[in-house]
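Colleague: The structure under discussion is supplied below as structure tokens; questions concerning it will follow.
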Amino acid sequence: MLAPITGVMAVHGESMQMGVRVAEKVLNDQGGILGRPVRVVVLDTQSDPATAAQRAGELIEKNKVVLLLGTGLSSETLAVIPISTRAHVPFIYSMDGEDKTCVAGDADKVAEDVWGAGFTERMIVGPFLQYLGAHVLRNGLHSSIYFLGGDYVYPRVTNQFARATAEKMGFSTAGEEYVDIGTADYSPVIRRIMRSKADLLLVTNPGSAAATFMRQAKQLGLDRSLAISGFATFAQEAVGEMGSASEGVIYANRYTDLLQSPVNEAFVATFRAMYPGKPLLPGPTVAAGAYGAMLVAAKAFAAAHSTGSEAFGKAMAGLSLELPQGTVEVDPANHVFHQHMYLLQVKDQKYHVLADLGSQSHPDFEGCSVH
Amino acid sequence: MTTIDTAFWTSLVVDGTTATATTFLLALGLFVTYGLFRVVNMAHGDMVMLGAYMTSSFQTAGMGFLMAVCLATVTVALAALVMERICVGRLREQASLSVLLATWGFGLIIAQSTRLVAGSGGRFVDAPLSGQVEMLGSAYSIYQLSLVASAAVLFALIWYLLAHTRLGLRIRSCVDNRELAELHGINTRLLFTVTFCVGGALAGLAGGLLAPLMAVNPSIGSDFSVTSFMVLITGGLGKIGSAALGALVVGGLRSTLGALTTVTTAKLCTFLIVAVILAVRRQEMTLE
């Protein structure tokens, strides 16, 4: 496990590590894989691509691992892919984000040893907007949207895709704005959003910047004049900083610990037994995502009757498994996991399920990252 | 159209005033330590962060907002006392660079200790007032307006204290000519200790009062230090009115420019203004 235990993704790293430790316990309680106990080695990537690549090399050369899991940032994942490819050691990245399963430098070719367990923006934007238009927004699919993002690559790329998708569906754009993530006073931005008369605000600004924005937006009553939602903005750690300012926000994601299924209830019970009193309960994606990625890999190794990468790859193609987040299926063509997306509403800083948007799949290699 | 224009221009004035007030509150503690005594307190931002964190902790423990802010203010004042007794008071006799490095180190200790005790995750503070008031076509936060009133009260108090009280006279004489003040029987060391603690208390108070408007986590301190130094560089040192003028430029003007252009353009313009003023006043700001 390549976990960003320190650095900007530290909160995710801790949650990720807890998720794989739960998987390690569950698998070993069931007798391990292929009759052998499972041992997870966790190394810190420091949220840094160069360190992630170095640690991946260490895990392969020194620890002789048969599977790589993890990383926090996309840049870390992209740095690990060549290492995994060169050594033919399977690598499953467990976080959400753009598709990264293509070969470095070739956006049309699948990287044979790489799988994406998280969801991509291609899997979430369309169904999410469709639901909001049909059930939440006052002007339905003819509503106007204000796009707000942090001023860096990810929000711009996500909003570009979201805006194009929304306009194709009939939505109009009331405004698009990018703000420095160190901004302390959001009142000029909030006033512009209010004057735009938009029906929906989509915020793509992960981390503390979103918390500051939401706290000031709440003070000025922005949530009274339009619906507020966003991508990668209302994750557990940000909601912890937003507090009451996140109340009522609608959010789409692949997991919440409140999902009602025996598999999820068992996972949450084991997690809480192993980490009692931890403030980081299973986050929307991170702990459950890492846990699920490891269980899928375990099933593939068992089906392959081998720890060899080639047999593992064949077993992964089309593999299906019931996880805490619902049923997932590994796409044999692009290696991205098909999975259910849920529409969630934040109440008392918990994610309550409004609707199951159904199983979503990533189309081909659209938007696949290359170096 | 006229209504929209009235609402827009009113919001420019009110939001600009609010931004000036919050920026003034943020920089007030640094005005006392750096503006009056020329102590380059690089830990100022982390003291504000500590005030915000302590307010959150006391509120989580079940206290009311005002009680939580008061206790946070006292806690940060005590932290300032420790800092002053351990190093700042002694190093003040030496080059300013020593104080700069020592306070920077203390800032790191405050931030890392907070991270160690409370974790990297963020906290929040709920404001005691959450509604809005409608004025000329726009809604304004009652809590933010109450911060304008708080800033005005603190401005008046400090101005009165410095200009019209015996303590103010002692502080001014100590700032102007310390040797002469000592010859007149003023205990300048004690006076400095008290003033440094007051600076810490004001930083803690700012942290508590501003916490409902921001994400509270151990990393926020450095931005607060930068903004506070910008306020004092822009307005000038030594007078509370100068600090208010600096807050007007760094907070108010930036907010207004942000509304008329973009937030990024406003930030750039503010930095340019501060850079020009710094170039003009480089003699006044040079460390000894």
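Lettering and numbering for the structure tokens are positional, with chains as A, B, ... in the shown order, residues counted from 1 in each chain, and ligands counted from 1 in the shown order.
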Could you please tell me, as a PyMOL selection string, which residues of chain A have an atom within 10 Å of chain B when using only C-alpha atoms?

Modeller: chain A and resi 6-11+151+177-180+182-192+194-195+207-222+236-245+279-280

Colleague: Just N, CA and C atoms for this one: save the residues we selected as a compact mmCIF listing (two decimals), in the first residue's frame.

Modeller:
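The result, written out as part_32.txt:
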# COMPACT_ATOMS: atom_id res chain seq x y z
N THR A 6 1.80 11.33 5.10
CA THR A 6 2.14 12.72 5.43
C THR A 6 1.95 13.57 4.17
N GLY A 7 2.06 14.89 4.35
CA GLY A 7 1.87 15.80 3.21
C GLY A 7 0.41 16.19 3.07
N VAL A 8 0.09 16.83 1.94
CA VAL A 8 -1.24 17.43 1.78
C VAL A 8 -2.38 16.41 1.79
N MET A 9 -2.07 15.13 1.48
CA MET A 9 -3.14 14.12 1.44
C MET A 9 -3.14 13.25 2.71
N ALA A 10 -2.55 13.77 3.79
CA ALA A 10 -2.37 12.97 5.01
C ALA A 10 -3.67 12.38 5.55
N VAL A 11 -4.74 13.17 5.50
CA VAL A 11 -6.01 12.68 6.03
C VAL A 11 -6.48 11.47 5.22
N ASP A 151 -8.56 27.73 -8.48
CA ASP A 151 -7.84 28.10 -9.71
C ASP A 151 -6.63 27.20 -9.95
N GLU A 177 -16.32 30.70 -12.76
CA GLU A 177 -15.30 31.52 -12.09
C GLU A 177 -14.31 30.63 -11.35
N TYR A 178 -13.06 31.04 -11.37
CA TYR A 178 -12.01 30.29 -10.66
C TYR A 178 -11.32 31.22 -9.67
N VAL A 179 -11.14 30.73 -8.46
CA VAL A 179 -10.67 31.58 -7.37
C VAL A 179 -9.43 30.96 -6.75
N ASP A 180 -8.47 31.79 -6.45
CA ASP A 180 -7.25 31.36 -5.76
C ASP A 180 -7.63 30.62 -4.47
N GLY A 182 -6.21 30.30 -1.77
CA GLY A 182 -5.86 30.98 -0.52
C GLY A 182 -6.79 32.13 -0.20
N THR A 183 -7.87 32.28 -0.95
CA THR A 183 -8.77 33.41 -0.74
C THR A 183 -9.40 33.37 0.66
N ALA A 184 -9.36 34.54 1.33
CA ALA A 184 -9.93 34.60 2.68
C ALA A 184 -11.31 35.25 2.67
N ASP A 185 -11.56 36.13 1.70
CA ASP A 185 -12.84 36.85 1.66
C ASP A 185 -13.57 36.49 0.37
N TYR A 186 -14.63 35.71 0.50
CA TYR A 186 -15.38 35.25 -0.68
C TYR A 186 -16.60 36.13 -0.97
N SER A 187 -16.79 37.23 -0.22
CA SER A 187 -18.02 38.00 -0.42
C SER A 187 -18.19 38.50 -1.86
N PRO A 188 -17.13 38.98 -2.57
CA PRO A 188 -17.35 39.40 -3.97
C PRO A 188 -17.87 38.26 -4.85
N VAL A 189 -17.35 37.06 -4.62
CA VAL A 189 -17.76 35.89 -5.42
C VAL A 189 -19.20 35.52 -5.09
N ILE A 190 -19.52 35.52 -3.81
CA ILE A 190 -20.89 35.15 -3.38
C ILE A 190 -21.91 36.14 -3.95
N ARG A 191 -21.55 37.43 -3.95
CA ARG A 191 -22.46 38.45 -4.52
C ARG A 191 -22.67 38.19 -6.02
N ARG A 192 -21.59 37.84 -6.72
CA ARG A 192 -21.72 37.59 -8.18
C ARG A 192 -22.66 36.40 -8.43
N MET A 194 -25.03 35.37 -6.48
CA MET A 194 -26.41 35.80 -6.15
C MET A 194 -27.01 36.61 -7.29
N ARG A 195 -26.19 37.53 -7.85
CA ARG A 195 -26.71 38.38 -8.93
C ARG A 195 -26.97 37.60 -10.21
N GLY A 207 -10.98 20.55 -0.29
CA GLY A 207 -10.15 20.97 0.85
C GLY A 207 -10.70 22.16 1.62
N SER A 208 -9.78 22.84 2.32
CA SER A 208 -10.17 23.91 3.23
C SER A 208 -10.77 25.11 2.52
N ALA A 209 -10.37 25.35 1.26
CA ALA A 209 -10.89 26.50 0.52
C ALA A 209 -12.41 26.41 0.43
N ALA A 210 -12.91 25.20 0.18
CA ALA A 210 -14.36 25.02 0.08
C ALA A 210 -15.02 25.27 1.42
N ALA A 211 -14.35 24.87 2.50
CA ALA A 211 -14.92 25.07 3.84
C ALA A 211 -15.06 26.56 4.12
N THR A 212 -14.02 27.35 3.80
CA THR A 212 -14.09 28.79 4.02
C THR A 212 -15.21 29.39 3.18
N PHE A 213 -15.28 28.98 1.90
CA PHE A 213 -16.32 29.50 1.02
C PHE A 213 -17.71 29.19 1.58
N MET A 214 -17.93 27.93 1.97
CA MET A 214 -19.25 27.53 2.43
C MET A 214 -19.65 28.23 3.73
N ARG A 215 -18.70 28.46 4.61
CA ARG A 215 -19.03 29.13 5.87
C ARG A 215 -19.47 30.57 5.61
N GLN A 216 -18.80 31.24 4.65
CA GLN A 216 -19.19 32.62 4.34
C GLN A 216 -20.49 32.65 3.52
N ALA A 217 -20.66 31.64 2.63
CA ALA A 217 -21.89 31.56 1.83
C ALA A 217 -23.10 31.39 2.75
N LYS A 218 -22.94 30.58 3.78
CA LYS A 218 -24.03 30.35 4.73
C LYS A 218 -24.36 31.65 5.47
N GLN A 219 -23.31 32.39 5.86
CA GLN A 219 -23.53 33.65 6.57
C GLN A 219 -24.34 34.63 5.72
N LEU A 220 -24.08 34.63 4.40
CA LEU A 220 -24.77 35.57 3.52
C LEU A 220 -26.08 34.99 2.98
N GLY A 221 -26.42 33.78 3.39
CA GLY A 221 -27.70 33.19 2.99
C GLY A 221 -27.75 32.72 1.55
N LEU A 222 -26.59 32.36 0.98
CA LEU A 222 -26.57 31.91 -0.42
C LEU A 222 -27.43 30.67 -0.62
N GLN A 236 -15.57 13.95 3.20
CA GLN A 236 -15.71 13.91 4.66
C GLN A 236 -14.84 14.93 5.40
N GLU A 237 -13.57 15.03 4.99
CA GLU A 237 -12.69 15.92 5.74
C GLU A 237 -13.08 17.39 5.57
N ALA A 238 -13.60 17.75 4.38
CA ALA A 238 -14.03 19.13 4.16
C ALA A 238 -15.31 19.40 4.93
N VAL A 239 -16.21 18.43 4.95
CA VAL A 239 -17.46 18.60 5.68
C VAL A 239 -17.18 18.78 7.18
N GLY A 240 -16.12 18.11 7.66
CA GLY A 240 -15.70 18.28 9.05
C GLY A 240 -15.31 19.71 9.36
N GLU A 241 -14.78 20.42 8.37
CA GLU A 241 -14.40 21.83 8.56
C GLU A 241 -15.58 22.77 8.30
N MET A 242 -16.51 22.33 7.44
CA MET A 242 -17.65 23.19 7.12
C MET A 242 -18.65 23.22 8.27
N GLY A 243 -18.77 22.09 8.97
CA GLY A 243 -19.73 22.00 10.05
C GLY A 243 -21.14 22.23 9.55
N SER A 244 -21.87 23.09 10.26
CA SER A 244 -23.28 23.32 9.93
C SER A 244 -23.45 23.93 8.54
N ALA A 245 -22.38 24.53 7.98
CA ALA A 245 -22.48 25.16 6.65
C ALA A 245 -22.68 24.12 5.55
N PRO A 279 -11.67 9.55 14.80
CA PRO A 279 -12.54 10.56 14.19
C PRO A 279 -12.80 10.27 12.71
N LEU A 280 -11.89 9.55 12.08
CA LEU A 280 -12.08 9.25 10.67
C LEU A 280 -12.86 7.96 10.51

Colleague: Please identify all polymer residues within 10 Å of B:Phe192, counting only C-alpha atoms, omitting same-chain residues fewer than 2 positions from it, and present them as a ChimeraX atom specification.

Modeller: /B:33,37,84,88-89,92,171,174-175,187-190,194-198

Colleague: Quick check for you: according to DSSP on this backbone, which residues of stretch 38-137 of chain B are classed as alpha helix (DSSP H)? Reply as a count of residues only.

Modeller: 62

Colleague: B:Val250: which residues within 8 Å, counting only C-alpha atoms, same-chain residues fewer than 5 positions away excluded, as a PDB file with C-alpha atoms, in the first residue's frame?

Modeller:
ATOM      1  CA  THR B  20     -11.843  46.259   6.462  1.00  0.00           C
ATOM      2  CA  THR B  23      -8.738  42.553   8.410  1.00  0.00           C
ATOM      3  CA  THR B 227      -2.028  39.662   5.726  1.00  0.00           C
ATOM      4  CA  MET B 230       0.729  43.788   4.831  1.00  0.00           C
ATOM      5  CA  VAL B 231      -1.735  45.858   6.871  1.00  0.00           C
ATOM      6  CA  THR B 234       0.604  49.697   4.110  1.00  0.00           C
ATOM      7  CA  THR B 270      -3.199  44.706  -3.477  1.00  0.00           C
TER       8      THR B 270
END

Colleague: Please, what distance in Å, to one decimal, runs between atom CA of A:Val22 and atom CA of A:His305?

Modeller: 23.3 Å

Colleague: Just list as a PDB file with N, CA and C atoms, in the first residue's frame whatever in stretch 159-297 of chain A DSSP marks as strand (DSSP E).

Modeller:
ATOM      1  N   SER A 172     -28.379  25.828 -18.838  1.00  0.00           N
ATOM      2  CA  SER A 172     -27.627  26.989 -19.318  1.00  0.00           C
ATOM      3  C   SER A 172     -26.575  27.364 -18.268  1.00  0.00           C
ATOM      4  N   THR A 173     -25.581  28.130 -18.700  1.00  0.00           N
ATOM      5  CA  THR A 173     -24.491  28.514 -17.793  1.00  0.00           C
ATOM      6  C   THR A 173     -24.707  29.951 -17.322  1.00  0.00           C
ATOM      7  N   ALA A 174     -24.874  30.121 -16.016  1.00  0.00           N
ATOM      8  CA  ALA A 174     -25.076  31.463 -15.452  1.00  0.00           C
ATOM      9  C   ALA A 174     -23.743  32.149 -15.179  1.00  0.00           C
ATOM     10  N   GLY A 175     -22.679  31.375 -15.028  1.00  0.00           N
ATOM     11  CA  GLY A 175     -21.369  31.956 -14.769  1.00  0.00           C
ATOM     12  C   GLY A 175     -20.340  30.868 -14.537  1.00  0.00           C
ATOM     13  N   GLU A 176     -19.076  31.223 -14.726  1.00  0.00           N
ATOM     14  CA  GLU A 176     -17.979  30.282 -14.459  1.00  0.00           C
ATOM     15  C   GLU A 176     -16.838  31.099 -13.889  1.00  0.00           C
ATOM     16  N   GLU A 177     -16.319  30.695 -12.757  1.00  0.00           N
ATOM     17  CA  GLU A 177     -15.298  31.519 -12.087  1.00  0.00           C
ATOM     18  C   GLU A 177     -14.311  30.632 -11.345  1.00  0.00           C
ATOM     19  N   TYR A 178     -13.055  31.038 -11.373  1.00  0.00           N
ATOM     20  CA  TYR A 178     -12.011  30.293 -10.663  1.00  0.00           C
ATOM     21  C   TYR A 178     -11.323  31.220  -9.669  1.00  0.00           C
ATOM     22  N   VAL A 179     -11.145  30.732  -8.463  1.00  0.00           N
ATOM     23  CA  VAL A 179     -10.666  31.578  -7.371  1.00  0.00           C
ATOM     24  C   VAL A 179      -9.426  30.956  -6.748  1.00  0.00           C
ATOM     25  N   LEU A 200     -28.509  26.621  -9.672  1.00  0.00           N
ATOM     26  CA  LEU A 200     -27.616  25.625  -9.061  1.00  0.00           C
ATOM     27  C   LEU A 200     -26.176  26.143  -9.056  1.00  0.00           C
ATOM     28  N   LEU A 201     -25.506  25.971  -7.937  1.00  0.00           N
ATOM     29  CA  LEU A 201     -24.075  26.288  -7.865  1.00  0.00           C
ATOM     30  C   LEU A 201     -23.307  24.985  -7.774  1.00  0.00           C
ATOM     31  N   LEU A 202     -22.383  24.787  -8.708  1.00  0.00           N
ATOM     32  CA  LEU A 202     -21.523  23.601  -8.646  1.00  0.00           C
ATOM     33  C   LEU A 202     -20.125  24.046  -8.232  1.00  0.00           C
ATOM     34  N   VAL A 203     -19.715  23.629  -7.063  1.00  0.00           N
ATOM     35  CA  VAL A 203     -18.405  24.025  -6.525  1.00  0.00           C
ATOM     36  C   VAL A 203     -17.424  22.877  -6.720  1.00  0.00           C
ATOM     37  N   THR A 204     -16.309  23.149  -7.378  1.00  0.00           N
ATOM     38  CA  THR A 204     -15.251  22.145  -7.503  1.00  0.00           C
ATOM     39  C   THR A 204     -14.003  22.745  -6.872  1.00  0.00           C
ATOM     40  N   ALA A 227     -29.662  26.004  -5.159  1.00  0.00           N
ATOM     41  CA  ALA A 227     -29.165  24.723  -4.661  1.00  0.00           C
ATOM     42  C   ALA A 227     -27.642  24.705  -4.788  1.00  0.00           C
ATOM     43  N   ILE A 228     -26.971  24.099  -3.813  1.00  0.00           N
ATOM     44  CA  ILE A 228     -25.503  24.048  -3.843  1.00  0.00           C
ATOM     45  C   ILE A 228     -25.051  22.594  -3.891  1.00  0.00           C
ATOM     46  N   SER A 229     -24.152  22.313  -4.824  1.00  0.00           N
ATOM     47  CA  SER A 229     -23.580  20.980  -4.907  1.00  0.00           C
ATOM     48  C   SER A 229     -22.158  21.113  -5.475  1.00  0.00           C
ATOM     49  N   GLY A 230     -21.560  19.999  -5.821  1.00  0.00           N
ATOM     50  CA  GLY A 230     -20.216  20.110  -6.376  1.00  0.00           C
ATOM     51  C   GLY A 230     -19.541  18.776  -6.539  1.00  0.00           C
ATOM     52  N   ILE A 250     -26.317  18.685  -1.468  1.00  0.00           N
ATOM     53  CA  ILE A 250     -26.516  17.424  -2.184  1.00  0.00           C
ATOM     54  C   ILE A 250     -25.219  17.083  -2.915  1.00  0.00           C
ATOM     55  N   TYR A 251     -24.850  15.836  -2.840  1.00  0.00           N
ATOM     56  CA  TYR A 251     -23.527  15.428  -3.294  1.00  0.00           C
ATOM     57  C   TYR A 251     -23.632  14.046  -3.915  1.00  0.00           C
ATOM     58  N   ALA A 252     -22.850  13.774  -4.921  1.00  0.00           N
ATOM     59  CA  ALA A 252     -22.860  12.439  -5.527  1.00  0.00           C
ATOM     60  C   ALA A 252     -21.550  11.741  -5.206  1.00  0.00           C
ATOM     61  N   ASN A 253     -21.640  10.485  -4.800  1.00  0.00           N
ATOM     62  CA  ASN A 253     -20.433   9.733  -4.493  1.00  0.00           C
ATOM     63  C   ASN A 253     -20.740   8.242  -4.553  1.00  0.00           C
TER      64      ASN A 253
END

Colleague: In Å, rounded to a single decimal, give me how far atom CA of B:His184 is from atom CA of B:Ala243.

Modeller: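 One can read the atom CA of B:Ala243 to atom CA of B:His184 distance as 29.3 Å.
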
Colleague: Using only C-alpha atoms, pick whichever of A:Phe231, A:Tyr152, A:Phe271, A:Tyr255 has the shortest atom-to-atom distance to A:Thr327.

Modeller: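 Of A:Phe231, A:Tyr152, A:Phe271, A:Tyr255, the one nearest A:Thr327, counting only C-alpha atoms, is A:Tyr255.
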
Colleague: Quick one: everything within 8 Å of stretch 99-108 of chain B, counting only C-alpha atoms, minus sequence neighbours fewer than 2 positions away in the same chain. Send it as a list in words.

Modeller: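 Skipping anything fewer than 2 positions along the chain leaves Val39, Val40, Asn41, Met42, Ala43, His44, Gly45, Asp46, Met47, Met83, Cys87, Val88, Leu91, Arg92, Ala95, Ser96, Leu97, Ile110, Ala111 and Gln112 of chain B.
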
Colleague: Save out the residues we just selected, N, CA and C atoms, as a compact mmCIF listing (two decimals), in the first residue's frame.

Modeller:
# COMPACT_ATOMS: atom_id res chain seq x y z
N VAL B 39 8.51 44.65 17.42
CA VAL B 39 8.89 43.24 17.57
C VAL B 39 8.26 42.47 16.42
N VAL B 40 9.12 41.93 15.55
CA VAL B 40 8.62 41.22 14.37
C VAL B 40 8.11 39.85 14.80
N ASN B 41 6.85 39.81 15.20
CA ASN B 41 6.27 38.58 15.74
C ASN B 41 5.75 37.69 14.61
N MET B 42 6.62 36.80 14.14
CA MET B 42 6.23 35.91 13.04
C MET B 42 5.23 34.84 13.48
N ALA B 43 5.05 34.70 14.80
CA ALA B 43 4.10 33.70 15.31
C ALA B 43 2.68 34.26 15.38
N HIS B 44 2.52 35.53 14.97
CA HIS B 44 1.20 36.17 15.12
C HIS B 44 0.08 35.33 14.47
N GLY B 45 0.30 34.91 13.21
CA GLY B 45 -0.73 34.15 12.49
C GLY B 45 -1.06 32.84 13.20
N ASP B 46 -0.04 32.19 13.73
CA ASP B 46 -0.29 30.93 14.43
C ASP B 46 -1.01 31.16 15.76
N MET B 47 -0.79 32.34 16.36
CA MET B 47 -1.53 32.68 17.58
C MET B 47 -3.01 32.89 17.24
N MET B 83 6.09 32.74 25.70
CA MET B 83 6.99 33.11 24.60
C MET B 83 7.85 34.32 24.98
N CYS B 87 12.01 33.80 25.50
CA CYS B 87 12.99 34.36 24.56
C CYS B 87 12.76 35.78 24.07
N VAL B 88 11.52 36.15 23.75
CA VAL B 88 11.33 37.44 23.07
C VAL B 88 11.82 38.60 23.93
N LEU B 91 15.68 38.55 23.78
CA LEU B 91 16.24 38.78 22.44
C LEU B 91 15.95 40.19 21.91
N ARG B 92 14.96 40.85 22.51
CA ARG B 92 14.58 42.18 22.05
C ARG B 92 15.76 43.15 22.15
N ALA B 95 19.64 41.95 17.88
CA ALA B 95 19.17 42.31 16.55
C ALA B 95 17.75 41.79 16.31
N SER B 96 16.99 42.53 15.47
CA SER B 96 15.61 42.15 15.18
C SER B 96 15.52 40.79 14.53
N LEU B 97 16.61 40.42 13.80
CA LEU B 97 16.60 39.13 13.10
C LEU B 97 16.48 37.97 14.09
N ILE B 110 3.71 26.10 17.74
CA ILE B 110 2.26 26.21 17.96
C ILE B 110 1.51 25.36 16.91
N ALA B 111 1.91 25.53 15.63
CA ALA B 111 1.20 24.82 14.55
C ALA B 111 1.37 23.30 14.67
N GLN B 112 2.62 22.87 14.92
CA GLN B 112 2.87 21.43 14.98
C GLN B 112 2.25 20.80 16.23

Colleague: Could you jot down the atom CA of A:Asp44 to atom CA of A:Leu2 separation for me, Å, one decimal place?

Modeller: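 Distance reported for this atom pair: 6.2 Å.
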